[in-house]
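Notes follow the structure.
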Number of protein chains: 4
Amino acid sequence: MIEPDLPRRQRRKEARPAELAAAALSLFIEKGFAATRLDEVAARAGVSKGTLYLYFDSKEALFRAVIEEGLVPLFEQMEAKLDTLKDDPERLLKEILLDWWTHVGATELGGISKLIISEARNFPEVAAYHNEAVIQRWMSLLGKVIQTGVEQGVFRALDVETLRQLVFFPLLMLSVWKHSIAGCAAACSAAANPISPTYFDTYFDMIFRGLLVAPPELSA
Amino acid sequence: MIEPDLPRRQRRKEARPAELAAAALSLFIEKGFAATRLDEVAARAGVSKGTLYLYFDSKEALFRAVIEEGLVPLFEQMEAKLDTLKDDPERLLKEILLDWWTHVGATELGGISKLIISEARNFPEVAAYHNEAVIQRWMSLLGKVIQTGVEQGVFRALDVETLRQLVFFPLLMLSVWKHSIAGCAAACSAAANPISPTYFDTYFDMIFRGLLVAPPELSA
Amino acid sequence: MIEPDLPRRQRRKEARPAELAAAALSLFIEKGFAATRLDEVAARAGVSKGTLYLYFDSKEALFRAVIEEGLVPLFEQMEAKLDTLKDDPERLLKEILLDWWTHVGATELGGISKLIISEARNFPEVAAYHNEAVIQRWMSLLGKVIQTGVEQGVFRALDVETLRQLVFFPLLMLSVWKHSIAGCAAACSAAANPISPTYFDTYFDMIFRGLLVAPPELSA
Amino acid sequence: MIEPDLPRRQRRKEARPAELAAAALSLFIEKGFAATRLDEVAARAGVSKGTLYLYFDSKEALFRAVIEEGLVPLFEQMEAKLDTLKDDPERLLKEILLDWWTHVGATELGGISKLIISEARNFPEVAAYHNEAVIQRWMSLLGKVIQTGVEQGVFRALDVETLRQLVFFPLLMLSVWKHSIAGCAAACSAAANPISPTYFDTYFDMIFRGLLVAPPELSA
DNA sequence: GATGAATGAGAATTCATTCAT
DNA sequence: CATGAATGAATTCTCATTCAT
């Protein structure tokens, strides 16, 4: 990955935007967009305030970049998986949902969802971009998986539009929760943390009992 | 509600905090806490900026009051219902969830959830208060309803902690969505609005097929 | 002028914009628009920085106001004079030019010309406003006076457009000079100051010898 | 002008300051000193920002150089002419004034006058240098020409100090005007452009009628 | 109580200047 | 010599908070 024959300066220059966006992401998630000062972002990235402006035109541009940077590595994997496991929609759906949780929901990237929710009203263009580049894409992916299952007679023929939301929202909400309410560890009691150890077992049990034409428990 | 024998001045005086909090609530929801200026709050409430400080010590105090004011009328109803319909947990759960949607999720009060999610990190004490005064209370209510159903052998004996979240999150997320992403109507395409007309039908179908020991469709 | 029954606060509020504009004018003239900091303007007016923004939306708005404030009292007098002395165009022209010198060129208001010259490129709308509200008006006034003289057979029938500039530019340039080069008293030698004691005598001698059909010197 | 036996590198090196100053001049004139960024100057000269500092210590030093560079080629011509046409002061004066207009007033160099007027207060030493190196020299030249005319009995014996200003200011003002107000072409109406086609005819007519002991028109 | 003018600390942004490469 | 990434002081503008009226 590292090209050792480039002078250090230049290597730095190429890495900078990602470093800055990473610093900004973590701060935006911690404190929200408005409450994050560019001073802090610069400090966390180990550069001066002015340097930010070498790479981003404004705070809003930085916001936009954070979304883009954070989401580029995110979708190759997800969509690639769609072509595998076509004959086992249950396992495919489960894997895709767990993938999302592992690579997004449970990580810092999950904070982007919270960010977008918080700032959509104030930055409609950024929200629109995110909606189109991420939400629609992801929802469409989920829809295709479910649709496949329906067509194969494995999933019940309910409204796919709604199903994909019902299936996804418990995970999304969990992630959002983790990055906001559960984040004020000191003040909020432990009870604020909603993740019980059996959460995922129960989640998939419920989801698939609702989805499957012949749930294992009953078909037995 | 109105006490007609008090002189108007005094009535006004007592109503003021609620009026101010109402104005603040709608603005906080529209623009977020940080982006709302006290000028605007005062203007919307029809008073001068200085007057705000007669009733609230600071912007944060106003935030706290917004939570309290907005949620006081909210929980008498909900908890009262618990004592009714004890013998029909399915109907009770459905009614309670629809009640929440009707009186909170679908109304401006649903915006408080978004607000808390956005600002929890910056105002941990407010978040803690909300957590304890609202979230815990509401989750406990849901838990009791489900527990009743389990005890009566109507609901499956899964982890109740998780079930109440799985049941509630699709509604909560929907409400949060409505108050953020779906709110930037101009920029975000209509597709951002996730409510399909059959959402609630499918929602309850899925939920109860997952919950009920003997779902109608399968018991047949 | 002062209305002694208004509370001091209110009297102040009405006077403020003019006070602020006056402070800004003198600083803009001294240092130019770009080099003047709003801190200084506020300090000179004896208020805080924030107060400026109660009355003016931006530094540019302040600039615009300076032009307007400074020029309002300026044109009533000038144009009123046009109706007098219709039968003596030479005296009328001389009085109007001296009036301009006394009330504008020689005073701080003359600095506005320098300001506009300096900043026209950077603030085209302000320059356009000044052009229309001041320059055109003043030039038109001069043109009418000269035209009257021509029609009465007192002035030679040359191009009036040009004449009014030839007549005015020596005064305008003198004023601009005073407010720029002559202003750096310490560094610039006294020779930079171009006003010789006989300037106006020679000026009018030249102007009228050029203008008059029958100059006194020769008609004698 | 080009010295073809120097290696190109070296030629470049010697030409650099002049190239940089030329780039700076045009930008200073376009936008004023303060509003010109060194980035732009470097870009227009086709070098990097750092290179500027190899040749000039500071932005102010560049300003000073702009004056010097721009005016060096300017005065050989002018003063050389003084020795010719000694027996026709009218024609000499006319030629010198037209020369100034052709080589300075009408060209980019005329912008230096505007620049000095704008920045004299902020850069007194630069203004002082310009005053001494340019203004005094030029005024002295004009004075000598007029003095010659007076001594030959061709020009009237008025105050020469003032006469040279009266003669020069209409041209100077015209040039300044062209480089400021007339420059904001978009916003300012065409009427802002003060040059009528007969400007110079009328100008010389007026000037010489005022100057000459026996103007053609009257001597008839 | 109520007002709204005034404040000033704080945040985003710009840009002349430096210096490692 | 030349570069251009990095700096940070300086500047505009915002807004929660105060307080004289």
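Identifiers in the structure tokens: chain A, B, ... in order shown; residue index from 1 per chain; ligand index from 1 in order shown.
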Discussion item. Please identify the helix (DSSP H, G or I) residues within chain D (assignment by DSSP from backbone atoms) and present them as a ChimeraX atom specification.
Written reply: /D:8-31,38-45,49-55,59-81,89-105,110-119,124-151,160-179,181-183,190-192,199-211,216-219
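Near chain E, within 10 Å and counting only C-alpha atoms (C1' of nucleotides), the residues of chain D are Arg37, Leu38, Asp39, Lys49, Gly50, Tyr53, Asp57, Ser58 and Lys59 of chain D.
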Write out the residues from the selection above, keeping all heavy atoms, as a PDB file, in the first residue's frame.
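Full text of selection_25.pdb as output:
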```pdb
ATOM      1  N   ARG D  37      -4.356  38.622  -3.764  1.00  0.00           N
ATOM      2  CA  ARG D  37      -3.668  37.589  -3.012  1.00  0.00           C
ATOM      3  C   ARG D  37      -2.366  37.197  -3.725  1.00  0.00           C
ATOM      4  O   ARG D  37      -2.308  37.189  -4.956  1.00  0.00           O
ATOM      5  CB  ARG D  37      -4.563  36.372  -2.825  1.00  0.00           C
ATOM      6  CG  ARG D  37      -5.601  36.632  -1.757  1.00  0.00           C
ATOM      7  CD  ARG D  37      -6.541  35.473  -1.537  1.00  0.00           C
ATOM      8  NE  ARG D  37      -7.319  35.197  -2.710  1.00  0.00           N
ATOM      9  CZ  ARG D  37      -7.279  34.061  -3.387  1.00  0.00           C
ATOM     10  NH1 ARG D  37      -6.445  33.106  -3.010  1.00  0.00           N
ATOM     11  NH2 ARG D  37      -8.040  33.878  -4.426  1.00  0.00           N
ATOM     12  N   LEU D  38      -1.346  36.922  -2.942  1.00  0.00           N
ATOM     13  CA  LEU D  38      -0.065  36.570  -3.549  1.00  0.00           C
ATOM     14  C   LEU D  38      -0.191  35.285  -4.358  1.00  0.00           C
ATOM     15  O   LEU D  38       0.539  35.086  -5.333  1.00  0.00           O
ATOM     16  CB  LEU D  38       1.007  36.453  -2.474  1.00  0.00           C
ATOM     17  CG  LEU D  38       1.375  37.796  -1.842  1.00  0.00           C
ATOM     18  CD1 LEU D  38       2.551  37.642  -0.915  1.00  0.00           C
ATOM     19  CD2 LEU D  38       1.691  38.820  -2.913  1.00  0.00           C
ATOM     20  N   ASP D  39      -1.098  34.418  -3.960  1.00  0.00           N
ATOM     21  CA  ASP D  39      -1.407  33.236  -4.759  1.00  0.00           C
ATOM     22  C   ASP D  39      -1.689  33.609  -6.202  1.00  0.00           C
ATOM     23  O   ASP D  39      -1.170  33.002  -7.137  1.00  0.00           O
ATOM     24  CB  ASP D  39      -2.677  32.577  -4.208  1.00  0.00           C
ATOM     25  CG  ASP D  39      -2.373  31.640  -3.060  1.00  0.00           C
ATOM     26  OD1 ASP D  39      -1.253  31.126  -3.027  1.00  0.00           O
ATOM     27  OD2 ASP D  39      -3.250  31.436  -2.219  1.00  0.00           O
ATOM     28  N   LYS D  49       4.005  30.187  -5.224  1.00  0.00           N
ATOM     29  CA  LYS D  49       3.932  31.276  -4.266  1.00  0.00           C
ATOM     30  C   LYS D  49       5.274  31.496  -3.585  1.00  0.00           C
ATOM     31  O   LYS D  49       5.694  32.638  -3.367  1.00  0.00           O
ATOM     32  CB  LYS D  49       2.852  30.944  -3.235  1.00  0.00           C
ATOM     33  CG  LYS D  49       2.341  32.140  -2.535  1.00  0.00           C
ATOM     34  CD  LYS D  49       1.036  31.897  -1.775  1.00  0.00           C
ATOM     35  CE  LYS D  49       0.850  30.487  -1.271  1.00  0.00           C
ATOM     36  NZ  LYS D  49      -0.081  30.488  -0.106  1.00  0.00           N
ATOM     37  N   GLY D  50       5.939  30.402  -3.268  1.00  0.00           N
ATOM     38  CA  GLY D  50       7.209  30.525  -2.574  1.00  0.00           C
ATOM     39  C   GLY D  50       8.237  31.312  -3.367  1.00  0.00           C
ATOM     40  O   GLY D  50       9.061  32.036  -2.799  1.00  0.00           O
ATOM     41  N   TYR D  53       8.914  34.945  -2.786  1.00  0.00           N
ATOM     42  CA  TYR D  53       9.733  35.354  -1.656  1.00  0.00           C
ATOM     43  C   TYR D  53      11.229  35.221  -1.930  1.00  0.00           C
ATOM     44  O   TYR D  53      12.045  35.637  -1.121  1.00  0.00           O
ATOM     45  CB  TYR D  53       9.313  34.574  -0.411  1.00  0.00           C
ATOM     46  CG  TYR D  53       8.054  35.143   0.160  1.00  0.00           C
ATOM     47  CD1 TYR D  53       6.810  34.768  -0.333  1.00  0.00           C
ATOM     48  CD2 TYR D  53       8.112  36.121   1.143  1.00  0.00           C
ATOM     49  CE1 TYR D  53       5.651  35.323   0.167  1.00  0.00           C
ATOM     50  CE2 TYR D  53       6.969  36.684   1.658  1.00  0.00           C
ATOM     51  CZ  TYR D  53       5.728  36.282   1.154  1.00  0.00           C
ATOM     52  OH  TYR D  53       4.597  36.849   1.653  1.00  0.00           O
ATOM     53  N   ASP D  57      10.853  40.580  -0.367  1.00  0.00           N
ATOM     54  CA  ASP D  57      10.787  40.224   1.052  1.00  0.00           C
ATOM     55  C   ASP D  57       9.366  40.134   1.577  1.00  0.00           C
ATOM     56  O   ASP D  57       9.096  39.423   2.537  1.00  0.00           O
ATOM     57  CB  ASP D  57      11.552  41.266   1.883  1.00  0.00           C
ATOM     58  CG  ASP D  57      13.049  41.082   1.731  1.00  0.00           C
ATOM     59  OD1 ASP D  57      13.436  40.001   1.254  1.00  0.00           O
ATOM     60  OD2 ASP D  57      13.798  42.001   2.084  1.00  0.00           O
ATOM     61  N   SER D  58       8.481  40.894   0.985  1.00  0.00           N
ATOM     62  CA  SER D  58       7.126  40.955   1.526  1.00  0.00           C
ATOM     63  C   SER D  58       6.190  41.510   0.458  1.00  0.00           C
ATOM     64  O   SER D  58       6.633  41.940  -0.604  1.00  0.00           O
ATOM     65  CB  SER D  58       7.080  41.864   2.746  1.00  0.00           C
ATOM     66  OG  SER D  58       7.336  43.188   2.327  1.00  0.00           O
ATOM     67  N   LYS D  59       4.941  41.482   0.775  1.00  0.00           N
ATOM     68  CA  LYS D  59       3.963  42.011  -0.164  1.00  0.00           C
ATOM     69  C   LYS D  59       4.219  43.498  -0.402  1.00  0.00           C
ATOM     70  O   LYS D  59       4.096  43.986  -1.513  1.00  0.00           O
ATOM     71  CB  LYS D  59       2.557  41.800   0.404  1.00  0.00           C
ATOM     72  CG  LYS D  59       1.449  41.905  -0.624  1.00  0.00           C
ATOM     73  CD  LYS D  59       0.078  41.762   0.035  1.00  0.00           C
ATOM     74  CE  LYS D  59      -1.029  41.830  -1.007  1.00  0.00           C
ATOM     75  NZ  LYS D  59      -2.379  41.865  -0.392  1.00  0.00           N
TER      76      LYS D  59
END
```
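Contact shell of Ala45 of chain B at 8 Å (only C-alpha atoms (C1' of nucleotides); same-chain neighbours under 6 positions omitted): Glu19, Leu20 and Ala23 of chain B.
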Worksheet entry | Atom pair atom CA of Leu174 of chain A / atom CA of Ala133 of chain B: separation (Å) | 20.0 Å
Kindly assemble as a tab-separated table a list of the chain F residues that lie within 10 Å of chain B, each paired with its nearest atom pair and their distance in Å to one decimal, using only C-alpha atoms (C1' of nucleotides), sorted first by chain and then by ascending residue number.
```
residue	atom	partner	partner_atom	distance
F:DT14	C1'	B:Arg37	CA	9.9
F:DC15	C1'	B:Arg37	CA	7.2
F:DA16	C1'	B:Lys59	CA	7.6
F:DT17	C1'	B:Ser58	CA	8.2
F:DT18	C1'	B:Gly50	CA	8.9
F:DC19	C1'	B:Gly50	CA	9.7
```
Practice prompt. Using only C-alpha atoms, select each residue of chain C with any atom at most 6 Å away from an atom of chain D, and give the selection as number ranges by chain.
Written response: C: 31, 117-118, 120-121, 124, 128, 162, 166, 169-170, 180-181, 184, 187-188, 199, 206, 209-210
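Here atom CA of Val134 of chain C is placed at a distance of 15.9 Å from atom CA of Glu108 of chain C.
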Worksheet item: What separation in Å, quoted to one decimal, exists between atom CA of Val154 of chain B and atom CA of Gly153 of chain A?
Response: 28.2 Å
